[in-house]
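S.K.: Please find upload37.cif (mmCIF, C-alpha atoms and all ligand atoms) on the next line:
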data_entry
loop_
_atom_site.group_PDB
_atom_site.id
_atom_site.type_symbol
_atom_site.label_atom_id
_atom_site.label_comp_id
_atom_site.auth_asym_id
_atom_site.auth_seq_id
_atom_site.Cartn_x
_atom_site.Cartn_y
_atom_site.Cartn_z
ATOM 1 C CA MET B 1 -2.721 -6.991 -16.750
ATOM 2 C CA ASN B 2 -5.635 -5.167 -18.339
ATOM 3 C CA THR B 3 -4.129 -3.455 -21.383
ATOM 4 C CA ALA B 4 -7.272 -1.345 -21.955
ATOM 5 C CA SER B 5 -6.687 0.573 -18.713
ATOM 6 C CA PRO B 6 -4.097 3.293 -18.254
ATOM 7 C CA PRO B 7 -1.329 2.460 -15.793
ATOM 8 C CA ALA B 8 -2.523 2.825 -12.214
ATOM 9 C CA VAL B 9 0.561 4.915 -11.467
ATOM 10 C CA VAL B 10 3.218 6.652 -13.518
ATOM 11 C CA ALA B 11 5.861 8.511 -11.506
ATOM 12 C CA GLU B 12 8.604 10.368 -13.355
ATOM 13 C CA GLY B 13 11.510 11.955 -11.554
ATOM 14 C CA LEU B 14 9.441 12.025 -8.370
ATOM 15 C CA ALA B 15 11.289 13.798 -5.565
ATOM 16 C CA PHE B 16 10.604 15.111 -2.089
ATOM 17 C CA ARG B 17 12.945 17.013 0.192
ATOM 18 C CA TYR B 18 12.244 17.379 3.909
ATOM 19 C CA ALA B 19 13.060 20.785 5.404
ATOM 20 C CA PRO B 20 16.203 19.563 7.242
ATOM 21 C CA GLY B 21 17.362 17.716 4.088
ATOM 22 C CA GLY B 22 16.945 14.079 3.106
ATOM 23 C CA GLY B 23 13.944 12.479 1.451
ATOM 24 C CA LEU B 24 13.561 11.033 -2.031
ATOM 25 C CA THR B 25 15.848 12.222 -4.829
ATOM 26 C CA HIS B 26 14.458 10.641 -7.975
ATOM 27 C CA ALA B 27 11.950 7.836 -8.535
ATOM 28 C CA ASP B 28 10.660 6.538 -11.866
ATOM 29 C CA LEU B 29 7.990 3.907 -11.587
ATOM 30 C CA THR B 30 5.074 2.540 -13.592
ATOM 31 C CA LEU B 31 2.492 0.235 -12.059
ATOM 32 C CA ASP B 32 -0.084 -1.541 -14.172
ATOM 33 C CA PRO B 33 -3.443 -2.739 -12.884
ATOM 34 C CA GLY B 34 -3.216 -6.253 -11.502
ATOM 35 C CA THR B 35 0.503 -5.966 -10.744
ATOM 36 C CA MET B 36 2.140 -6.471 -7.400
ATOM 37 C CA ALA B 37 5.445 -4.637 -6.934
ATOM 38 C CA ALA B 38 7.953 -4.424 -4.095
ATOM 39 C CA VAL B 39 10.132 -1.479 -3.126
ATOM 40 C CA GLU B 40 13.341 -2.491 -1.401
ATOM 41 C CA GLY B 41 16.308 -0.518 -0.181
ATOM 42 C CA PRO B 42 18.336 0.227 2.910
ATOM 43 C CA SER B 43 16.999 2.143 5.877
ATOM 44 C CA GLY B 44 16.700 5.830 5.076
ATOM 45 C CA SER B 45 16.717 5.323 1.288
ATOM 46 C CA GLY B 46 13.290 6.934 0.909
ATOM 47 C CA LYS B 47 10.865 3.999 0.738
ATOM 48 C CA SER B 48 8.270 5.391 3.157
ATOM 49 C CA THR B 49 8.595 8.819 1.549
ATOM 50 C CA LEU B 50 7.876 7.265 -1.858
ATOM 51 C CA LEU B 51 4.807 5.527 -0.429
ATOM 52 C CA ALA B 52 3.561 8.799 1.073
ATOM 53 C CA LEU B 53 4.017 10.551 -2.297
ATOM 54 C CA LEU B 54 2.168 7.800 -4.205
ATOM 55 C CA GLY B 55 -0.557 7.864 -1.543
ATOM 56 C CA LEU B 56 -0.997 11.620 -2.087
ATOM 57 C CA ILE B 57 -0.126 12.225 1.554
ATOM 58 C CA LEU B 58 2.913 14.278 0.563
ATOM 59 C CA SER B 59 3.144 16.520 -2.506
ATOM 60 C CA PRO B 60 6.333 16.142 -4.541
ATOM 61 C CA THR B 61 8.984 18.851 -4.549
ATOM 62 C CA SER B 62 9.577 18.007 -8.209
ATOM 63 C CA GLY B 63 8.671 15.400 -10.802
ATOM 64 C CA SER B 64 5.284 14.205 -11.934
ATOM 65 C CA LEU B 65 2.778 11.666 -10.704
ATOM 66 C CA HIS B 66 -0.181 10.363 -12.687
ATOM 67 C CA VAL B 67 -2.765 8.140 -11.001
ATOM 68 C CA THR B 68 -5.009 6.335 -13.516
ATOM 69 C CA GLY B 69 -4.079 8.933 -16.107
ATOM 70 C CA THR B 70 -4.824 11.954 -13.889
ATOM 71 C CA ASP B 71 -1.952 14.409 -13.466
ATOM 72 C CA THR B 72 -2.016 14.844 -9.691
ATOM 73 C CA GLY B 73 0.082 18.021 -9.932
ATOM 74 C CA ALA B 74 -2.815 19.739 -11.673
ATOM 75 C CA LEU B 75 -5.342 18.982 -8.927
ATOM 76 C CA THR B 76 -6.623 21.297 -6.202
ATOM 77 C CA PRO B 77 -6.160 20.051 -2.623
ATOM 78 C CA ALA B 78 -9.828 19.028 -2.532
ATOM 79 C CA GLU B 79 -9.475 17.084 -5.788
ATOM 80 C CA ARG B 80 -6.363 15.324 -4.447
ATOM 81 C CA ASP B 81 -8.283 14.321 -1.309
ATOM 82 C CA LEU B 82 -11.111 12.963 -3.425
ATOM 83 C CA LEU B 83 -8.737 11.005 -5.671
ATOM 84 C CA ARG B 84 -7.010 9.561 -2.612
ATOM 85 C CA ARG B 85 -10.269 8.547 -0.936
ATOM 86 C CA ARG B 86 -11.712 7.028 -4.111
ATOM 87 C CA SER B 87 -8.709 5.400 -5.673
ATOM 88 C CA ILE B 88 -6.057 4.596 -3.084
ATOM 89 C CA GLY B 89 -5.984 2.209 -0.141
ATOM 90 C CA ILE B 90 -3.074 2.497 2.279
ATOM 91 C CA VAL B 91 -1.746 0.130 4.942
ATOM 92 C CA LEU B 92 0.649 2.153 7.071
ATOM 93 C CA GLN B 93 3.182 0.636 9.449
ATOM 94 C CA ASP B 94 1.180 1.456 12.573
ATOM 95 C CA LEU B 95 -2.011 0.147 10.834
ATOM 96 C CA GLY B 96 -4.164 2.889 12.391
ATOM 97 C CA LEU B 97 -6.964 0.542 13.417
ATOM 98 C CA LEU B 98 -9.576 2.074 15.711
ATOM 99 C CA PRO B 99 -9.337 0.218 19.050
ATOM 100 C CA PHE B 100 -12.954 0.880 20.062
ATOM 101 C CA LEU B 101 -14.342 -0.843 16.928
ATOM 102 C CA ASN B 102 -14.472 -4.539 16.111
ATOM 103 C CA ALA B 103 -12.917 -6.111 12.999
ATOM 104 C CA TRP B 104 -15.722 -5.568 10.484
ATOM 105 C CA GLU B 105 -16.398 -2.050 11.787
ATOM 106 C CA ASN B 106 -12.754 -1.147 11.183
ATOM 107 C CA VAL B 107 -13.067 -2.360 7.588
ATOM 108 C CA ALA B 108 -16.374 -0.521 7.070
ATOM 109 C CA ALA B 109 -14.807 2.661 8.489
ATOM 110 C CA ALA B 110 -12.996 3.035 5.139
ATOM 111 C CA PHE B 111 -16.284 4.389 3.775
ATOM 112 C CA GLY B 112 -16.854 6.919 6.561
ATOM 113 C CA PRO B 113 -18.896 6.988 9.745
ATOM 114 C CA ARG B 114 -22.020 5.110 8.574
ATOM 115 C CA LEU B 115 -20.611 1.703 9.417
ATOM 116 C CA THR B 116 -23.725 -0.460 9.211
ATOM 117 C CA ARG B 117 -24.342 0.517 5.572
ATOM 118 C CA HIS B 118 -21.145 -1.298 4.668
ATOM 119 C CA ARG B 119 -21.453 -4.210 7.053
ATOM 120 C CA THR B 120 -22.126 -6.801 4.323
ATOM 121 C CA ALA B 121 -19.170 -5.758 2.159
ATOM 122 C CA ALA B 122 -16.835 -5.589 5.163
ATOM 123 C CA ARG B 123 -17.848 -9.005 6.481
ATOM 124 C CA ALA B 124 -17.618 -10.586 3.017
ATOM 125 C CA LEU B 125 -14.094 -9.311 2.517
ATOM 126 C CA LEU B 126 -13.001 -10.522 5.940
ATOM 127 C CA GLY B 127 -14.473 -13.888 4.965
ATOM 128 C CA ASP B 128 -12.385 -13.879 1.773
ATOM 129 C CA LEU B 129 -9.315 -13.305 3.935
ATOM 130 C CA GLY B 130 -10.129 -16.262 6.177
ATOM 131 C CA MET B 131 -11.370 -14.104 9.030
ATOM 132 C CA ALA B 132 -15.146 -14.661 8.974
ATOM 133 C CA GLU B 133 -15.183 -16.019 12.505
ATOM 134 C CA LEU B 134 -13.285 -13.033 13.852
ATOM 135 C CA ALA B 135 -15.419 -10.351 12.202
ATOM 136 C CA ASP B 136 -17.099 -9.396 15.484
ATOM 137 C CA SER B 137 -13.939 -9.512 17.596
ATOM 138 C CA PRO B 138 -12.539 -6.324 19.133
ATOM 139 C CA VAL B 139 -9.321 -5.565 17.280
ATOM 140 C CA THR B 140 -7.511 -5.188 20.598
ATOM 141 C CA GLU B 141 -8.012 -8.928 21.157
ATOM 142 C CA LEU B 142 -6.516 -10.025 17.819
ATOM 143 C CA SER B 143 -2.980 -11.062 16.911
ATOM 144 C CA GLY B 144 -0.565 -8.936 14.886
ATOM 145 C CA GLY B 145 -1.216 -10.961 11.740
ATOM 146 C CA GLN B 146 -4.976 -10.767 12.159
ATOM 147 C CA ARG B 147 -4.822 -7.003 12.659
ATOM 148 C CA GLN B 148 -2.587 -6.763 9.610
ATOM 149 C CA ARG B 149 -5.192 -8.571 7.506
ATOM 150 C CA ILE B 150 -7.930 -6.266 8.815
ATOM 151 C CA ALA B 151 -5.817 -3.287 7.751
ATOM 152 C CA VAL B 152 -5.427 -4.839 4.279
ATOM 153 C CA ALA B 153 -9.199 -5.425 4.138
ATOM 154 C CA ARG B 154 -9.837 -1.805 5.096
ATOM 155 C CA ALA B 155 -7.467 -0.649 2.348
ATOM 156 C CA ALA B 156 -9.124 -2.956 -0.203
ATOM 157 C CA VAL B 157 -12.839 -2.740 0.613
ATOM 158 C CA LYS B 158 -13.501 0.221 -1.682
ATOM 159 C CA GLN B 159 -11.804 -1.646 -4.538
ATOM 160 C CA PRO B 160 -9.147 1.022 -5.034
ATOM 161 C CA VAL B 161 -7.027 1.313 -8.150
ATOM 162 C CA LEU B 162 -3.890 1.394 -6.008
ATOM 163 C CA VAL B 163 -3.082 -0.389 -2.747
ATOM 164 C CA LEU B 164 0.037 0.750 -0.874
ATOM 165 C CA ALA B 165 1.459 -1.142 2.078
ATOM 166 C CA ASP B 166 4.437 -0.166 4.257
ATOM 167 C CA GLU B 167 6.207 -3.300 5.495
ATOM 168 C CA PRO B 168 2.958 -5.282 5.754
ATOM 169 C CA THR B 169 4.678 -8.489 6.894
ATOM 170 C CA SER B 170 7.154 -6.983 9.316
ATOM 171 C CA GLY B 171 7.327 -8.947 12.570
ATOM 172 C CA LEU B 172 5.086 -11.769 11.302
ATOM 173 C CA ASP B 173 6.012 -15.445 11.118
ATOM 174 C CA PRO B 174 6.301 -16.865 7.566
ATOM 175 C CA ARG B 175 2.878 -18.502 7.600
ATOM 176 C CA THR B 176 1.086 -15.346 8.752
ATOM 177 C CA ALA B 177 3.156 -13.285 6.332
ATOM 178 C CA ASP B 178 1.975 -15.651 3.600
ATOM 179 C CA SER B 179 -1.659 -14.999 4.500
ATOM 180 C CA VAL B 180 -1.135 -11.218 4.478
ATOM 181 C CA MET B 181 0.567 -11.534 1.089
ATOM 182 C CA GLY B 182 -2.385 -13.650 -0.068
ATOM 183 C CA ALA B 183 -4.701 -10.809 0.948
ATOM 184 C CA LEU B 184 -2.636 -8.308 -1.035
ATOM 185 C CA ARG B 185 -2.427 -10.699 -3.979
ATOM 186 C CA SER B 186 -6.216 -10.943 -4.051
ATOM 187 C CA CYS B 187 -6.368 -7.123 -4.330
ATOM 188 C CA ALA B 188 -4.137 -7.422 -7.420
ATOM 189 C CA GLU B 189 -6.265 -10.229 -8.841
ATOM 190 C CA GLN B 190 -9.256 -7.937 -8.566
ATOM 191 C CA GLY B 191 -7.401 -5.382 -10.676
ATOM 192 C CA ALA B 192 -5.583 -3.136 -8.204
ATOM 193 C CA ALA B 193 -1.943 -2.234 -8.571
ATOM 194 C CA VAL B 194 -0.283 -3.164 -5.290
ATOM 195 C CA LEU B 195 2.974 -1.629 -4.111
ATOM 196 C CA LEU B 196 4.582 -2.741 -0.897
ATOM 197 C CA VAL B 197 7.703 -1.659 0.918
ATOM 198 C CA THR B 198 9.674 -4.521 2.357
ATOM 199 C CA HIS B 199 13.045 -5.499 3.804
ATOM 200 C CA ASP B 200 12.195 -9.177 3.299
ATOM 201 C CA THR B 201 13.612 -10.724 0.126
ATOM 202 C CA ALA B 202 11.093 -13.593 0.247
ATOM 203 C CA VAL B 203 8.228 -11.081 0.283
ATOM 204 C CA ALA B 204 9.801 -9.155 -2.592
ATOM 205 C CA GLY B 205 10.280 -12.465 -4.401
ATOM 206 C CA ALA B 206 6.544 -13.140 -4.166
ATOM 207 C CA CYS B 207 5.787 -9.920 -6.090
ATOM 208 C CA ASP B 208 5.729 -9.529 -9.877
ATOM 209 C CA GLU B 209 8.382 -6.831 -9.973
ATOM 210 C CA ARG B 210 10.899 -5.203 -7.672
ATOM 211 C CA TYR B 211 12.190 -1.656 -7.430
ATOM 212 C CA THR B 212 15.228 -0.802 -5.346
ATOM 213 C CA LEU B 213 15.859 2.602 -3.823
ATOM 214 C CA ASP B 214 19.484 3.503 -3.381
ATOM 215 C CA ALA B 215 20.275 6.797 -1.641
ATOM 216 C CA GLY B 216 16.925 8.227 -2.727
ATOM 217 C CA ARG B 217 17.044 7.056 -6.358
ATOM 218 C CA SER B 218 15.033 4.239 -7.880
ATOM 219 C CA THR B 219 16.594 1.626 -10.090
ATOM 220 C CA ALA B 220 14.819 0.149 -13.107
ATOM 221 C CA PRO B 221 12.313 -2.547 -12.069
ATOM 222 C CA ARG B 222 13.297 -6.188 -12.140
ATOM 223 C CA LYS B 223 10.652 -8.688 -13.181
ATOM 224 C CA ASN B 224 10.230 -11.664 -10.905
ATOM 225 C CA VAL B 225 9.476 -15.223 -11.702
ATOM 226 C CA ARG B 226 7.033 -15.379 -8.842
ATOM 227 C CA GLU B 227 7.592 -17.777 -5.971
ATOM 228 C CA GLU B 228 4.375 -19.431 -4.891
ATOM 229 C CA SER B 229 4.890 -19.353 -1.145
ATOM 230 C CA LEU B 230 6.949 -17.560 1.438
ATOM 231 C CA GLY B 231 6.902 -20.445 3.908
HETATM 232 N N1 LIG B 301 9.479 13.703 8.785
HETATM 233 C C1 LIG B 301 10.745 13.784 8.397
HETATM 234 N N2 LIG B 301 11.465 14.911 8.595
HETATM 235 C C2 LIG B 301 12.744 15.008 8.178
HETATM 236 N N3 LIG B 301 13.419 14.051 7.537
HETATM 237 C C3 LIG B 301 12.759 12.899 7.307
HETATM 238 C C4 LIG B 301 11.400 12.704 7.728
HETATM 239 N N4 LIG B 301 11.008 11.457 7.352
HETATM 240 C C5 LIG B 301 12.085 10.902 6.765
HETATM 241 N N5 LIG B 301 13.134 11.755 6.725
HETATM 242 C C6 LIG B 301 14.441 11.486 6.114
HETATM 243 O O1 LIG B 301 14.259 11.193 4.734
HETATM 244 C C7 LIG B 301 15.074 10.084 4.356
HETATM 245 C C8 LIG B 301 14.178 8.934 3.839
HETATM 246 O O2 LIG B 301 13.367 8.483 4.901
HETATM 247 P P1 LIG B 301 12.300 7.301 4.697
HETATM 248 O O3 LIG B 301 11.570 7.145 5.994
HETATM 249 O O4 LIG B 301 11.497 7.568 3.490
HETATM 250 O O5 LIG B 301 13.270 6.065 4.439
HETATM 251 P P2 LIG B 301 12.945 4.510 4.449
HETATM 252 O O6 LIG B 301 13.686 3.932 3.298
HETATM 253 O O7 LIG B 301 11.480 4.293 4.503
HETATM 254 O O8 LIG B 301 13.620 4.061 5.828
HETATM 255 P P3 LIG B 301 13.274 2.802 6.787
HETATM 256 O O9 LIG B 301 13.558 1.561 6.001
HETATM 257 O O10 LIG B 301 14.227 2.989 7.924
HETATM 258 O O11 LIG B 301 11.825 2.932 7.204
HETATM 259 C C9 LIG B 301 15.886 9.724 5.589
HETATM 260 O O12 LIG B 301 17.142 10.370 5.461
HETATM 261 C C10 LIG B 301 15.119 10.282 6.743
HETATM 262 O O13 LIG B 301 15.958 10.663 7.783
#
Rewrite the coordinates I just gave you, this time as structure tokens.
Ligand SMILES: Nc1ncnc2c1ncn2[C@@H]1O[C@H](COP(=O)(O)OP(=O)(O)OP(=O)(O)O)[C@@H](O)[C@H]1O
M.R.:
Amino acid sequence: MNTASPPAVVAEGLAFRYAPGGGLTHADLTLDPGTMAAVEGPSGSGKSTLLALLGLILSPTSGSLHVTGTDTGALTPAERDLLRRRSIGIVLQDLGLLPFLNAWENVAAAFGPRLTRHRTAARALLGDLGMAELADSPVTELSGGQRQRIAVARAAVKQPVLVLADEPTSGLDPRTADSVMGALRSCAEQGAAVLLVTHDTAVAGACDERYTLDAGRSTAPRKNVREESLG
């Protein structure tokens, strides 16, 4: 952890209520740069809602959220968009890869439409994730684990302060899950705070700390003695 930096995220009493009811009741959470944290909890406990709040996709009904020291509640919509684009990388459950682009183009698309400007950075990152040989492959021809790693690369290529991932290893075999976790770990080693939602206790065990959501409320984080491998 870099003690000179402010926490990547401080959420206090963060809550969101959907119109029909349900959502997130109360989450307290602090994420330091370089830390990898898991959010666990039963189905419907508010994990994806928490991720959407931290990703500035949803605005909280109450509570406060600071991202790298900035009070997000004080921002205009345009400022929130800018903070999200500059500082946050998100891997959603459906990945959202563009099927008409190849692997490196999907990664470069994180910067906007001028893909070739970011070709070198995108290819280098795919290389770091063990995917150099697949950089030119259409994403429609890749496996679930390979697509998952491309989505992580796209979230990480702008070197965001915060990387959020919703069940990034769901449906993957242990070895592929390990490689996706390795990709997320390398984001943390480069200084990002990484928060992932998971139902998998081995994945949560590979993180530095674990939060549990229970009926919309977060419990205090537990520190992990990190396991080296999920396999
Ligand atoms: N778009 C929505 N409109 C209305 N209610 C919603 C919406 N999304 C989620 N909810 C409700 O909010 C609560 C929390 O949902 P959320 O998806 O955050 O839970 P989760 O812990 O991620 O669940 P899962 O593990 O099944 O993905 C649930 O009661 C759910 O029904």
S.K.: Go through the shown structure with the PyMOL selection byres (((chain B and resi 151-159) around 9) and not hetatm) and write out the matching residues as a ChimeraX atom specification.
M.R.: /B:85-92,95-97,104,106-111,121-122,125-126,129,146-150,160-165,168,180,183-184,187,190-192
S.K.: Tell me, as a count of residues only, which residues lie within 9 Å of region 25-37 of chain B, counting all atoms listed in the file; anything in the same chain fewer than 4 positions away does not count.
M.R.: 50
S.K.: For chain B against ligand LIG 301 (chain B), with a cut-off of 6 Å and counting only C-alpha atoms and all ligand atoms, what is the closest atom pair and its distance in Å to one decimal for every residue that makes the cut, ordered by chain and number, as CSV?
M.R.:
residue,atom,partner,partner_atom,distance
B:Tyr18,CA,B:LIG301,C2,4.9
B:Pro20,CA,B:LIG301,C2,5.8
B:Gly22,CA,B:LIG301,O1,4.3
B:Gly23,CA,B:LIG301,O1,3.5
B:Pro42,CA,B:LIG301,O9,5.8
B:Ser43,CA,B:LIG301,O9,3.5
B:Gly44,CA,B:LIG301,O5,3.5
B:Ser45,CA,B:LIG301,O6,3.9
B:Gly46,CA,B:LIG301,O4,3.2
B:Lys47,CA,B:LIG301,O6,3.8
B:Ser48,CA,B:LIG301,O7,3.6
B:Thr49,CA,B:LIG301,O4,3.7
S.K.: Excluding Ser59 (chain B) and residues on its chain fewer than 5 positions from it, collect all residues at most 10 Å away from it, counting all atoms listed in the file, and give them as a list in words.
M.R.: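 Residues meeting the cut-off are Leu14, Ala15, Phe16, Ala52, Leu53, Leu54, Ser64, Leu65, Thr72, Gly73, Pro77 and Arg80 of chain B.
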S.K.: Those residues with C-alpha atoms, as a short mmCIF file (atom, residue, chain, number, x, y, z; two decimals), in the coordinates of the input please?
M.R.:
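What landed in again-v5.cif:
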data_model
loop_
_atom_site.label_atom_id
_atom_site.label_comp_id
_atom_site.auth_asym_id
_atom_site.auth_seq_id
_atom_site.Cartn_x
_atom_site.Cartn_y
_atom_site.Cartn_z
CA LEU B 14 9.44 12.02 -8.37
CA ALA B 15 11.29 13.80 -5.56
CA PHE B 16 10.60 15.11 -2.09
CA ALA B 52 3.56 8.80 1.07
CA LEU B 53 4.02 10.55 -2.30
CA LEU B 54 2.17 7.80 -4.20
CA SER B 64 5.28 14.20 -11.93
CA LEU B 65 2.78 11.67 -10.70
CA THR B 72 -2.02 14.84 -9.69
CA GLY B 73 0.08 18.02 -9.93
CA PRO B 77 -6.16 20.05 -2.62
CA ARG B 80 -6.36 15.32 -4.45
#
S.K.: Have a look at CA of Leu172 (chain B) and CA of Ala124 (chain B) and let me know their distance in Å, one decimal.
M.R.: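 Separation between CA of Leu172 (chain B) and CA of Ala124 (chain B): 24.2 Å.
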